[in-house]
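Some notes on the structure that comes next.
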Amino acid sequence: MTTTLIRGGRIVTAVDDYIADVFIEDEQIVSIGLNLPAGPDTQVIDAAGMMLFPGGVDCHTHMENTFGPSVTADNFHTGTRSAAFGGTTTIIDFALQNHNTSPLQAIERAQSKADCTANIDYGFHVIITEVDKRVLEDMRYAIRHEGVSSFKMFMAYPGTVMSDDAAIFQAMRMVGQHGGMVALHAENGTIVELLIQEALAQGHTSPRYHALTRPAILEGEATHRGIKLAELAEAPVYFVHLSAKEALKHVVEARDLGIPVFAETCPHYLFFDESAYAATDEEDSFDAARLVMSPPLRSKEAQNALWTALKTDDLQLISTDHCPYCLKEGHQGKINQKPFGKDDFSKIPNGVPGVETRMTVVYDGGVRSGRISLNRYVELMSTAPAKLFGLFPKKGTIAVGSDADIVIFDPNEQHTISAATQHSDCDFTLFEGHRVQGKVKKVLLRGQLLVSDDQWVGKTGQGRFVARGEVGKCW
């Protein structure tokens, strides 16, 4: 029997803030109190002066994601190790339903990649690309028997993963009846594709045209349409990586009417805006490839609106959309990375890294700046995603009976973010050179120490698949 005592830390949850000891036995928290006794074989961790957060839950990551001929720089091993160093102990990744395969086959394939390689706990959303009666039945089965209760669908990327409105509506209606939820990538894909082809026809091939061909109004239109489909289906809906105020206003309006609409945003939309493209405004510059993500960066006004929405719960959580592709071809042996689109911006793999920096940059730029409270920070980082996606209270809080997923955090230590000191296989971070205050010092997964003072002390592949319950509840 393994026991651990974390002594004298400041425990911060979504609702509490107090100093106490935490006693861990066989992977779970069994006692919280003052001056708890330690047995002769108990591992004791002194957390005086530190904050204790529940392990971060990032419900939007892409490990071993394939974009055309490109595969993300991180696999489940490197990506989850990077996540652990950043204080995240659970991710929800994606199982892709390829052409002529079933959602259940997609789950099996994804689990085979993560099994024995993931270093933190994990679950899956299934990306649904084709809908028929058999697929709908498999979705119902996945919710009831596989612990997979959320399904992502794309309103963008025609000809590859985009679903039409009828398919989205059918999927929503099915999962809504069985405790599941559809997550939507909301952009008007056919109009975006038209704008892309027009730009290329005019000889515009540089990365900055990725942003210019994905205007905010098209995210707003698709978000409004997705809400109406969900309303008709009488089902909850979740919007991934919301970036535009044109989309946000529809979410706010729907929630004010009591419609179960939920949405996330990402750190890159909170700390960067479209002015970042100004440094790469030369027609032939490829520097902007690091900023190629979908949706693209928006206005400063939109950024401010996102922060306000996080404070007022019009946005429920912050995920990373960690989808890293290298800037340099061949880095760590990775091929078909960002330079794959050097002569055609539409071929640049979409995505940026972020899983290791999320908790630190949001603490520094959110809590310390006064934009959000410390309790709200924990809610956004851990509790809300755990509740919304069927992991709570096993994950997402520090409480008796919960998994002992705990982050020991120094709120005072300053450090400079750099790709050179991070643990992803990606060769850049958007936060390169940013000086921040607040640092993850130790990370425990189910009571086992993974990270201790910048050192990896965990066992490779000790992450487990976590079956999830019903999702999309109004919390």
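Going through the structure tokens in order, the chains are called A, B, and so on, while each chain numbers its residues from 1 and the ligands are numbered from 1 in the order shown.
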
Report the residues of stretch 76-313 of chain A whose backbone DSSP state falls under strand (DSSP E or B), written as a PyMOL selection string. chain A and resi 88-96+121-127+150-154+162+181-185+237-239+261-265

Could you pull out all residues of stretch 54-143 of chain A with a DSSP call of helix (DSSP H, G or I) and give them as an MDAnalysis selection string? chainID A and resid 76:85 103:114 133:143

Closest of A:Val192, A:Val135, A:Leu248, A:Leu430 to A:Leu327, counting only C-alpha atoms, is A:Leu430

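Near A:Leu257, within 12 Å and counting only C-alpha atoms, sit Ile227, Glu231, His250 and Val251 of chain A, not including residues fewer than 6 positions from it in the same chain.
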
Could you save those same residues with N, CA and C atoms as a compact mmCIF listing (two decimals), in the first residue's frame?
# COMPACT_ATOMS: atom_id res chain seq x y z
N ILE A 227 -25.98 26.50 -33.22
CA ILE A 227 -26.88 26.65 -32.08
C ILE A 227 -28.31 26.32 -32.48
N GLU A 231 -30.69 23.47 -30.99
CA GLU A 231 -31.99 23.82 -30.41
C GLU A 231 -33.08 22.95 -31.01
N HIS A 250 -23.51 35.07 -30.16
CA HIS A 250 -24.58 34.07 -30.33
C HIS A 250 -24.59 33.09 -29.16
N VAL A 251 -23.42 32.75 -28.64
CA VAL A 251 -23.34 31.89 -27.46
C VAL A 251 -23.99 32.58 -26.26

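Distances to A:His204 were evaluated for A:Val361, A:Asp344, A:Gly220, A:Thr383 using only C-alpha atoms, and the minimum falls at A:Asp344.
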
Could you name the residues that touch stretch 58-62 of chain A at 6 Å or less, counting only C-alpha atoms, but leaving out those on the same chain fewer than 3 positions away, as a ChimeraX atom specification? /A:65,91-93,319,321-323
